[in-house]
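Written out below as structure tokens is the structure these notes cover.
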Amino acid sequence: MKLVTAIQTLCLLLCMALAVPSHALSYDDIQTRGVIAIAVYNDFPPYSFKDENGNPAGIDVELAKALAKGLDVDLDLRWMTPDETVEDDMRNYLWKGMNLTSEDGQRVKADVMLRVPYDREFAMKRDDIGLPAHELVHMFAPYQQERWLMAYDTTKLERPQTAARFMYHPVGVEVDTVPQFFVTTAFGGRFREKSRTYPSTPEAFQALNDGEVSIVMGTASQLEWLHHNNKKPQANEQLTELAFPLLGRSEWELGIAVHSNYRQLAYALEDIVMTHINNGDFFRWGERFGVDYQLPERFRPEPDVADEGAIAQTP
């Protein structure tokens, strides 16, 4: 009887052990293990995707490689499937865990997550009962400033000067994004009739090439990458910026996140990010993928006052 009880207890403990999510690791644990798990978004060019040969590619993939190399450890790249919100993604990949490995079904976490908002208001957000919404996540090291951009068909319209063009030309947007909210609700929904929603920005851009829409709104980096890689011989699309009233924030910063317990890891990673900002690697990575890479303003070189004066005095 005792033997049976002991076996049952052992089985119970084993089941409990298998049910516990594998934890994200501290700086010391990562150094001991020799591997760092970094989460990037799946199928999200030009940031993180698989190239034609099935190899990981993109700006965030280059950054992940640089972070692993800077720590002198191997890289375990974790591909994230986006949930409904960034909060959901941080919960799934940093502090609660989810099923990332279909082979064994374990709930696992990443040590690091890339492309998270770097915003004090977002970081200090409170939940429905007034508690910190992100107290389990530490966000740091902004490495890109993103913005909205627009692609348009030059055979159907001239460069748009105002959003009024949206009332007369079909506009393609990605589902569940700020541009979709804008074209379906702004100005009392005047643009809604001409709005066309697609599963992704690349699919909206393809619709532009196919003549289904005349304008596409999306993030600058994605549209620049699509424009750079547009091989269609008869392509007539061009990119432009446009101030969109009621769109909300036109520019925002993106950075890195770890579990709030691992500040030492964050400090080490931030130093590595600064090294690659200072040596120009981010601009080179952007150029490789056809992106006019924008660093946060704090990292941009100060304008030369003497040169500005000389320009101002030039007749």
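Going by the structure tokens order, chains are called A, B, ..., each with residues numbered from 1, while ligands are numbered from 1 in the order shown.
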
Taking only C-alpha atoms into account, produce a table as CSV in which each residue of region 263-301 of chain A with an atom at most 10 Å from an atom of region 143-163 of chain A appears once, together with its shortest atom pair and the distance in Å to one decimal, ordered by chain and rising number.
```
residue,atom,partner,partner_atom,distance
A:Glu270,CA,A:Tyr143,CA,9.6
A:Val273,CA,A:Tyr143,CA,7.3
A:Met274,CA,A:Tyr143,CA,8.5
A:His276,CA,A:Tyr143,CA,9.5
A:Ile277,CA,A:Tyr143,CA,7.7
A:Phe282,CA,A:Tyr143,CA,8.2
A:Tyr293,CA,A:Gln144,CA,7.4
A:Gln294,CA,A:Gln145,CA,5.3
A:Leu295,CA,A:Gln144,CA,4.6
A:Pro296,CA,A:Gln145,CA,4.9
A:Glu297,CA,A:Gln145,CA,7.9
A:Phe299,CA,A:Tyr143,CA,8.9
```

Restrict the selected residues to N, CA and C atoms and save them as a compact mmCIF listing (two decimals), in the first residue's frame.
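Done, and the output landed in result.txt:
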```txt
# COMPACT_ATOMS: atom_id res chain seq x y z
N GLU A 270 21.20 46.76 -22.89
CA GLU A 270 21.17 48.17 -23.26
C GLU A 270 22.54 48.65 -23.71
N VAL A 273 23.01 47.46 -27.25
CA VAL A 273 22.22 48.28 -28.18
C VAL A 273 22.93 49.60 -28.46
N MET A 274 23.43 50.24 -27.41
CA MET A 274 24.11 51.52 -27.59
C MET A 274 25.35 51.38 -28.46
N HIS A 276 25.74 49.34 -30.96
CA HIS A 276 25.33 49.22 -32.36
C HIS A 276 24.64 50.48 -32.87
N ILE A 277 24.12 51.30 -31.98
CA ILE A 277 23.63 52.61 -32.39
C ILE A 277 24.81 53.51 -32.74
N PHE A 282 22.55 49.95 -37.02
CA PHE A 282 21.11 50.00 -37.27
C PHE A 282 20.81 50.60 -38.65
N TYR A 293 16.00 54.01 -41.95
CA TYR A 293 15.91 53.74 -40.51
C TYR A 293 15.93 55.03 -39.70
N GLN A 294 15.00 55.14 -38.77
CA GLN A 294 14.89 56.31 -37.92
C GLN A 294 15.18 55.94 -36.47
N LEU A 295 16.29 56.45 -35.94
CA LEU A 295 16.58 56.26 -34.52
C LEU A 295 15.74 57.23 -33.70
N PRO A 296 15.49 56.92 -32.42
CA PRO A 296 14.86 57.90 -31.55
C PRO A 296 15.66 59.20 -31.55
N GLU A 297 14.99 60.32 -31.40
CA GLU A 297 15.62 61.62 -31.53
C GLU A 297 16.82 61.80 -30.61
N PHE A 299 19.14 59.93 -29.96
CA PHE A 299 20.36 59.31 -30.49
C PHE A 299 20.79 59.91 -31.82
```

Worksheet item: Can you list, as an MDAnalysis selection string, every residue of region 191-276 of chain A that DSSP puts in alpha helix (DSSP H)?
Response: chainID A and resid 201:209 220:228 263:276

Item to complete: For Phe166 (chain A), please output as a VMD selection string all residues within 10 Å (counting only C-alpha atoms; exclusion window: fewer than 6 positions along the same chain).
Response: chain A and resid 160 183 190 to 195 214 to 215

I need the chosen residues saved as a PDB file, in the first residue's frame, with all heavy atoms.
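Saved to again.pdb:
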```
ATOM      1  N   PRO A 160      -1.161  62.962 -52.635  1.00  0.00           N
ATOM      2  CA  PRO A 160      -2.218  63.475 -51.759  1.00  0.00           C
ATOM      3  C   PRO A 160      -1.692  64.576 -50.837  1.00  0.00           C
ATOM      4  O   PRO A 160      -0.637  64.442 -50.224  1.00  0.00           O
ATOM      5  CB  PRO A 160      -2.637  62.240 -50.949  1.00  0.00           C
ATOM      6  CG  PRO A 160      -2.220  61.075 -51.791  1.00  0.00           C
ATOM      7  CD  PRO A 160      -0.958  61.511 -52.472  1.00  0.00           C
ATOM      8  N   VAL A 183      -9.641  55.209 -40.988  1.00  0.00           N
ATOM      9  CA  VAL A 183     -10.431  55.299 -42.230  1.00  0.00           C
ATOM     10  C   VAL A 183     -11.878  54.861 -42.032  1.00  0.00           C
ATOM     11  O   VAL A 183     -12.729  55.134 -42.889  1.00  0.00           O
ATOM     12  CB  VAL A 183      -9.791  54.474 -43.368  1.00  0.00           C
ATOM     13  CG1 VAL A 183      -8.413  55.012 -43.703  1.00  0.00           C
ATOM     14  CG2 VAL A 183      -9.730  52.991 -43.022  1.00  0.00           C
ATOM     15  N   ARG A 190     -16.616  59.399 -42.887  1.00  0.00           N
ATOM     16  CA  ARG A 190     -16.720  59.815 -44.292  1.00  0.00           C
ATOM     17  C   ARG A 190     -15.837  58.973 -45.232  1.00  0.00           C
ATOM     18  O   ARG A 190     -16.084  58.909 -46.425  1.00  0.00           O
ATOM     19  CB  ARG A 190     -16.349  61.290 -44.425  1.00  0.00           C
ATOM     20  CG  ARG A 190     -17.330  62.226 -43.751  1.00  0.00           C
ATOM     21  CD  ARG A 190     -16.933  63.664 -43.955  1.00  0.00           C
ATOM     22  NE  ARG A 190     -17.843  64.568 -43.253  1.00  0.00           N
ATOM     23  CZ  ARG A 190     -17.725  65.900 -43.250  1.00  0.00           C
ATOM     24  NH1 ARG A 190     -16.727  66.462 -43.938  1.00  0.00           N
ATOM     25  NH2 ARG A 190     -18.574  66.646 -42.580  1.00  0.00           N
ATOM     26  N   PHE A 191     -14.785  58.351 -44.670  1.00  0.00           N
ATOM     27  CA  PHE A 191     -13.890  57.552 -45.511  1.00  0.00           C
ATOM     28  C   PHE A 191     -14.277  56.076 -45.548  1.00  0.00           C
ATOM     29  O   PHE A 191     -13.683  55.287 -46.275  1.00  0.00           O
ATOM     30  CB  PHE A 191     -12.449  57.655 -45.000  1.00  0.00           C
ATOM     31  CG  PHE A 191     -11.952  59.056 -44.798  1.00  0.00           C
ATOM     32  CD1 PHE A 191     -11.076  59.355 -43.758  1.00  0.00           C
ATOM     33  CD2 PHE A 191     -12.357  60.086 -45.636  1.00  0.00           C
ATOM     34  CE1 PHE A 191     -10.611  60.638 -43.576  1.00  0.00           C
ATOM     35  CE2 PHE A 191     -11.902  61.381 -45.456  1.00  0.00           C
ATOM     36  CZ  PHE A 191     -11.024  61.659 -44.417  1.00  0.00           C
ATOM     37  N   ARG A 192     -15.279  55.709 -44.743  1.00  0.00           N
ATOM     38  CA  ARG A 192     -15.575  54.286 -44.553  1.00  0.00           C
ATOM     39  C   ARG A 192     -15.946  53.589 -45.861  1.00  0.00           C
ATOM     40  O   ARG A 192     -15.550  52.454 -46.119  1.00  0.00           O
ATOM     41  CB  ARG A 192     -16.698  54.126 -43.538  1.00  0.00           C
ATOM     42  CG  ARG A 192     -16.973  52.661 -43.147  1.00  0.00           C
ATOM     43  CD  ARG A 192     -18.111  52.542 -42.150  1.00  0.00           C
ATOM     44  NE  ARG A 192     -17.836  53.306 -40.947  1.00  0.00           N
ATOM     45  CZ  ARG A 192     -18.612  54.298 -40.496  1.00  0.00           C
ATOM     46  NH1 ARG A 192     -19.708  54.643 -41.179  1.00  0.00           N
ATOM     47  NH2 ARG A 192     -18.304  54.950 -39.393  1.00  0.00           N
ATOM     48  N   GLU A 193     -16.691  54.263 -46.702  1.00  0.00           N
ATOM     49  CA  GLU A 193     -17.172  53.635 -47.941  1.00  0.00           C
ATOM     50  C   GLU A 193     -16.009  53.224 -48.853  1.00  0.00           C
ATOM     51  O   GLU A 193     -16.088  52.217 -49.559  1.00  0.00           O
ATOM     52  CB  GLU A 193     -18.093  54.599 -48.687  1.00  0.00           C
ATOM     53  CG  GLU A 193     -18.688  54.003 -49.959  1.00  0.00           C
ATOM     54  CD  GLU A 193     -19.594  54.978 -50.692  1.00  0.00           C
ATOM     55  OE1 GLU A 193     -19.953  56.021 -50.091  1.00  0.00           O
ATOM     56  OE2 GLU A 193     -19.937  54.700 -51.853  1.00  0.00           O
ATOM     57  N   LYS A 194     -14.918  53.975 -48.824  1.00  0.00           N
ATOM     58  CA  LYS A 194     -13.774  53.694 -49.689  1.00  0.00           C
ATOM     59  C   LYS A 194     -12.691  52.856 -48.998  1.00  0.00           C
ATOM     60  O   LYS A 194     -11.681  52.533 -49.618  1.00  0.00           O
ATOM     61  CB  LYS A 194     -13.152  55.010 -50.176  1.00  0.00           C
ATOM     62  CG  LYS A 194     -14.028  55.798 -51.133  1.00  0.00           C
ATOM     63  CD  LYS A 194     -14.208  55.054 -52.450  1.00  0.00           C
ATOM     64  CE  LYS A 194     -14.993  55.869 -53.457  1.00  0.00           C
ATOM     65  NZ  LYS A 194     -15.149  55.168 -54.749  1.00  0.00           N
ATOM     66  N   SER A 195     -12.904  52.503 -47.751  1.00  0.00           N
ATOM     67  CA  SER A 195     -11.884  51.735 -47.030  1.00  0.00           C
ATOM     68  C   SER A 195     -11.943  50.261 -47.418  1.00  0.00           C
ATOM     69  O   SER A 195     -13.024  49.706 -47.630  1.00  0.00           O
ATOM     70  CB  SER A 195     -12.074  51.884 -45.514  1.00  0.00           C
ATOM     71  OG  SER A 195     -13.274  51.278 -45.086  1.00  0.00           O
ATOM     72  N   SER A 214      -6.168  52.516 -54.418  1.00  0.00           N
ATOM     73  CA  SER A 214      -5.287  53.573 -54.934  1.00  0.00           C
ATOM     74  C   SER A 214      -4.299  54.063 -53.879  1.00  0.00           C
ATOM     75  O   SER A 214      -3.298  54.698 -54.226  1.00  0.00           O
ATOM     76  CB  SER A 214      -6.132  54.763 -55.415  1.00  0.00           C
ATOM     77  OG  SER A 214      -7.055  54.360 -56.407  1.00  0.00           O
ATOM     78  N   ILE A 215      -4.597  53.772 -52.607  1.00  0.00           N
ATOM     79  CA  ILE A 215      -3.769  54.248 -51.499  1.00  0.00           C
ATOM     80  C   ILE A 215      -3.648  53.136 -50.471  1.00  0.00           C
ATOM     81  O   ILE A 215      -4.589  52.357 -50.263  1.00  0.00           O
ATOM     82  CB  ILE A 215      -4.395  55.500 -50.832  1.00  0.00           C
ATOM     83  CG1 ILE A 215      -4.585  56.620 -51.867  1.00  0.00           C
ATOM     84  CG2 ILE A 215      -3.547  55.980 -49.667  1.00  0.00           C
ATOM     85  CD1 ILE A 215      -5.413  57.782 -51.341  1.00  0.00           C
TER      86      ILE A 215
END
```

Discussion item. Can you measure CA of Ser250 (chain A) to CA of Val178 (chain A) for me? One decimal in Å is fine.
Written reply: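 Pair CA of Ser250 (chain A) / CA of Val178 (chain A) returns 10.3 Å.
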
Practice prompt. Mind checking which residues fall within 10 Å of region 197-204 of chain A, counting only C-alpha atoms, ignoring those fewer than 6 positions away in the same chain, and posting them as a PyMOL selection string?
Written response: chain A and resi 44-45+171-177+179-180+183-184+210+212-213+215-219+222-223+225-226

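For Arg284 (chain A), the set of protein, DNA and RNA residues having any atom at most 12 Å away, when counting only C-alpha atoms and skipping those fewer than 3 positions along the same chain, is Gly58, Ile59, Glu62, Leu63, His276, Ile277, Asn278, Asn279, Gly280, Asp281, Glu287, Arg288, Phe289, Gly290, Val291, Asp292, Tyr293 and Gln294 of chain A.
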
Residues just named, written with all heavy atoms as a short mmCIF file (atom, residue, chain, number, x, y, z; two decimals), in the first residue's frame:
```cif
data_model
loop_
_atom_site.label_atom_id
_atom_site.label_comp_id
_atom_site.auth_asym_id
_atom_site.auth_seq_id
_atom_site.Cartn_x
_atom_site.Cartn_y
_atom_site.Cartn_z
N GLY A 58 15.77 39.97 -41.27
CA GLY A 58 15.08 41.16 -40.82
C GLY A 58 15.90 41.96 -39.83
O GLY A 58 16.90 41.49 -39.27
N ILE A 59 15.49 43.20 -39.61
CA ILE A 59 16.21 44.11 -38.72
C ILE A 59 16.24 43.57 -37.29
O ILE A 59 17.28 43.59 -36.63
CB ILE A 59 15.56 45.50 -38.77
CG1 ILE A 59 15.70 46.09 -40.17
CG2 ILE A 59 16.17 46.43 -37.73
CD1 ILE A 59 14.89 47.34 -40.41
N GLU A 62 18.63 40.68 -36.98
CA GLU A 62 20.02 41.15 -36.88
C GLU A 62 20.31 41.66 -35.47
O GLU A 62 21.39 41.41 -34.92
CB GLU A 62 20.27 42.26 -37.90
CG GLU A 62 20.19 41.81 -39.34
CD GLU A 62 21.20 40.73 -39.67
OE1 GLU A 62 22.34 40.79 -39.16
OE2 GLU A 62 20.86 39.80 -40.44
N LEU A 63 19.35 42.36 -34.88
CA LEU A 63 19.53 42.84 -33.52
C LEU A 63 19.62 41.67 -32.54
O LEU A 63 20.47 41.68 -31.63
CB LEU A 63 18.36 43.76 -33.13
CG LEU A 63 18.34 44.24 -31.67
CD1 LEU A 63 19.64 44.95 -31.30
CD2 LEU A 63 17.14 45.16 -31.43
N HIS A 276 25.74 49.34 -30.96
CA HIS A 276 25.33 49.22 -32.36
C HIS A 276 24.64 50.48 -32.87
O HIS A 276 24.60 50.71 -34.09
CB HIS A 276 24.45 47.99 -32.54
CG HIS A 276 25.20 46.70 -32.36
ND1 HIS A 276 25.98 46.16 -33.34
CD2 HIS A 276 25.33 45.88 -31.28
CE1 HIS A 276 26.54 45.04 -32.90
NE2 HIS A 276 26.16 44.85 -31.65
N ILE A 277 24.12 51.30 -31.98
CA ILE A 277 23.63 52.61 -32.39
C ILE A 277 24.81 53.51 -32.74
O ILE A 277 24.83 54.18 -33.79
CB ILE A 277 22.79 53.26 -31.26
CG1 ILE A 277 21.41 52.58 -31.18
CG2 ILE A 277 22.61 54.76 -31.51
CD1 ILE A 277 20.54 53.08 -30.04
N ASN A 278 25.82 53.50 -31.89
CA ASN A 278 26.98 54.38 -32.09
C ASN A 278 27.83 53.99 -33.30
O ASN A 278 28.43 54.85 -33.94
CB ASN A 278 27.85 54.40 -30.83
CG ASN A 278 27.15 55.08 -29.66
OD1 ASN A 278 26.35 55.99 -29.87
ND2 ASN A 278 27.45 54.64 -28.44
N ASN A 279 27.89 52.69 -33.61
CA ASN A 279 28.73 52.28 -34.75
C ASN A 279 27.98 52.26 -36.09
O ASN A 279 28.54 51.89 -37.12
CB ASN A 279 29.40 50.93 -34.49
CG ASN A 279 28.42 49.76 -34.45
OD1 ASN A 279 27.27 49.87 -34.88
ND2 ASN A 279 28.86 48.63 -33.93
N GLY A 280 26.70 52.65 -36.06
CA GLY A 280 25.93 52.77 -37.30
C GLY A 280 25.32 51.50 -37.81
O GLY A 280 24.78 51.48 -38.94
N ASP A 281 25.35 50.41 -37.03
CA ASP A 281 24.82 49.14 -37.52
C ASP A 281 23.33 49.21 -37.83
O ASP A 281 22.86 48.59 -38.79
CB ASP A 281 25.08 48.03 -36.50
CG ASP A 281 26.47 47.42 -36.66
OD1 ASP A 281 27.08 47.63 -37.73
OD2 ASP A 281 26.94 46.76 -35.72
N GLU A 287 19.34 49.79 -44.32
CA GLU A 287 19.67 49.89 -45.73
C GLU A 287 19.59 48.53 -46.42
O GLU A 287 19.15 48.44 -47.58
CB GLU A 287 21.08 50.48 -45.88
CG GLU A 287 21.49 50.74 -47.32
CD GLU A 287 22.87 51.36 -47.42
OE1 GLU A 287 23.54 51.51 -46.37
OE2 GLU A 287 23.29 51.70 -48.54
N ARG A 288 20.00 47.48 -45.72
CA ARG A 288 19.95 46.14 -46.29
C ARG A 288 18.53 45.74 -46.67
O ARG A 288 18.31 45.00 -47.63
CB ARG A 288 20.53 45.13 -45.30
CG ARG A 288 20.65 43.71 -45.84
CD ARG A 288 21.14 42.75 -44.77
NE ARG A 288 22.35 43.21 -44.11
CZ ARG A 288 22.90 42.63 -43.05
NH1 ARG A 288 22.32 41.56 -42.52
NH2 ARG A 288 23.99 43.12 -42.51
N PHE A 289 17.55 46.24 -45.91
CA PHE A 289 16.16 45.87 -46.16
C PHE A 289 15.35 47.02 -46.76
O PHE A 289 14.12 46.99 -46.72
CB PHE A 289 15.52 45.37 -44.86
CG PHE A 289 16.16 44.12 -44.33
CD1 PHE A 289 17.08 44.18 -43.29
CD2 PHE A 289 15.90 42.89 -44.90
CE1 PHE A 289 17.69 43.03 -42.80
CE2 PHE A 289 16.50 41.75 -44.43
CZ PHE A 289 17.41 41.81 -43.38
N GLY A 290 16.05 48.00 -47.32
CA GLY A 290 15.37 49.09 -48.02
C GLY A 290 14.63 50.04 -47.13
O GLY A 290 13.67 50.70 -47.56
N VAL A 291 15.06 50.17 -45.86
CA VAL A 291 14.34 50.99 -44.88
C VAL A 291 15.16 52.25 -44.54
O VAL A 291 16.36 52.16 -44.28
CB VAL A 291 14.09 50.18 -43.59
CG1 VAL A 291 13.50 51.07 -42.50
CG2 VAL A 291 13.16 49.01 -43.88
N ASP A 292 14.49 53.40 -44.57
CA ASP A 292 15.10 54.64 -44.11
C ASP A 292 15.01 54.65 -42.58
O ASP A 292 14.07 55.18 -42.00
CB ASP A 292 14.37 55.84 -44.70
CG ASP A 292 14.94 57.17 -44.24
OD1 ASP A 292 16.09 57.17 -43.75
OD2 ASP A 292 14.24 58.19 -44.36
N TYR A 293 16.00 54.01 -41.95
CA TYR A 293 15.91 53.74 -40.51
C TYR A 293 15.93 55.03 -39.70
O TYR A 293 16.78 55.90 -39.92
CB TYR A 293 17.06 52.83 -40.08
CG TYR A 293 16.77 52.08 -38.81
CD1 TYR A 293 16.09 50.87 -38.84
CD2 TYR A 293 17.14 52.60 -37.57
CE1 TYR A 293 15.80 50.18 -37.68
CE2 TYR A 293 16.85 51.92 -36.40
CZ TYR A 293 16.18 50.71 -36.46
OH TYR A 293 15.89 50.04 -35.30
N GLN A 294 15.00 55.14 -38.77
CA GLN A 294 14.89 56.31 -37.92
C GLN A 294 15.18 55.94 -36.47
O GLN A 294 14.42 55.18 -35.85
CB GLN A 294 13.48 56.91 -38.01
CG GLN A 294 13.07 57.33 -39.41
CD GLN A 294 13.82 58.56 -39.88
OE1 GLN A 294 14.01 59.52 -39.13
NE2 GLN A 294 14.26 58.53 -41.12
#
```

Need to verify the contact set: Leu71 (chain A), 8 Å, only C-alpha atoms, exclusion of same-chain residues closer than 3 positions in sequence. Can you return it as an mmCIF file with N, CA, C and O atoms, in the first residue's frame?
```
data_model
loop_
_atom_site.group_PDB
_atom_site.id
_atom_site.type_symbol
_atom_site.label_atom_id
_atom_site.label_comp_id
_atom_site.auth_asym_id
_atom_site.auth_seq_id
_atom_site.Cartn_x
_atom_site.Cartn_y
_atom_site.Cartn_z
ATOM 1 N N GLN A 31 24.327 33.216 -18.928
ATOM 2 C CA GLN A 31 25.760 33.003 -19.111
ATOM 3 C C GLN A 31 26.128 31.550 -18.807
ATOM 4 O O GLN A 31 26.940 30.942 -19.514
ATOM 5 N N LEU A 67 22.674 40.908 -30.005
ATOM 6 C CA LEU A 67 22.532 40.795 -28.552
ATOM 7 C C LEU A 67 23.163 39.494 -28.052
ATOM 8 O O LEU A 67 23.867 39.487 -27.030
ATOM 9 N N ALA A 68 22.907 38.395 -28.752
ATOM 10 C CA ALA A 68 23.494 37.112 -28.351
ATOM 11 C C ALA A 68 25.014 37.149 -28.465
ATOM 12 O O ALA A 68 25.731 36.695 -27.562
ATOM 13 N N ALA A 268 22.836 44.975 -19.341
ATOM 14 C CA ALA A 268 23.822 44.409 -20.267
ATOM 15 C C ALA A 268 23.353 44.552 -21.712
ATOM 16 O O ALA A 268 24.135 44.911 -22.601
#
```

Item to complete: May I have the residues within 10 Å of Glu87 (chain A) as JSON, numbers by chain, using only C-alpha atoms and disregarding those fewer than 6 positions away in the same chain?
Response: {"A": [116, 122, 133, 134, 137]}

Go ahead and save the residues from that selection, with N, CA and C atoms, as an mmCIF file, in the first residue's frame.
```cif
data_model
loop_
_atom_site.group_PDB
_atom_site.id
_atom_site.type_symbol
_atom_site.label_atom_id
_atom_site.label_comp_id
_atom_site.auth_asym_id
_atom_site.auth_seq_id
_atom_site.Cartn_x
_atom_site.Cartn_y
_atom_site.Cartn_z
ATOM 1 N N VAL A 116 8.779 46.277 -28.621
ATOM 2 C CA VAL A 116 7.723 46.654 -27.682
ATOM 3 C C VAL A 116 7.688 48.179 -27.583
ATOM 4 N N PHE A 122 2.569 54.338 -21.433
ATOM 5 C CA PHE A 122 2.235 52.926 -21.594
ATOM 6 C C PHE A 122 2.840 52.101 -20.463
ATOM 7 N N ALA A 133 -0.338 47.858 -14.644
ATOM 8 C CA ALA A 133 -0.667 46.840 -15.644
ATOM 9 C C ALA A 133 0.566 46.093 -16.122
ATOM 10 N N HIS A 134 1.753 46.735 -16.002
ATOM 11 C CA HIS A 134 2.963 46.132 -16.552
ATOM 12 C C HIS A 134 4.065 45.983 -15.505
ATOM 13 N N VAL A 137 6.903 43.533 -16.236
ATOM 14 C CA VAL A 137 7.702 43.726 -17.451
ATOM 15 C C VAL A 137 8.526 45.003 -17.329
#
```

Worksheet item: Where in region 51-292 of chain A does DSSP assign strand (DSSP E), given as a ChimeraX atom specification?
Response: /A:56-57,74-80,98-99,107-108,112-117,137-153,171-174,195-198,215-219,237-240,251-259

Discussion item. Nearest residue to Asp29 (chain A) out of A:Glu135, A:Glu224, A:Asp111, A:Asp271, using only C-alpha atoms?
Written reply: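 Using only C-alpha atoms, the shortest distance to Asp29 (chain A) belongs to A:Asp111.
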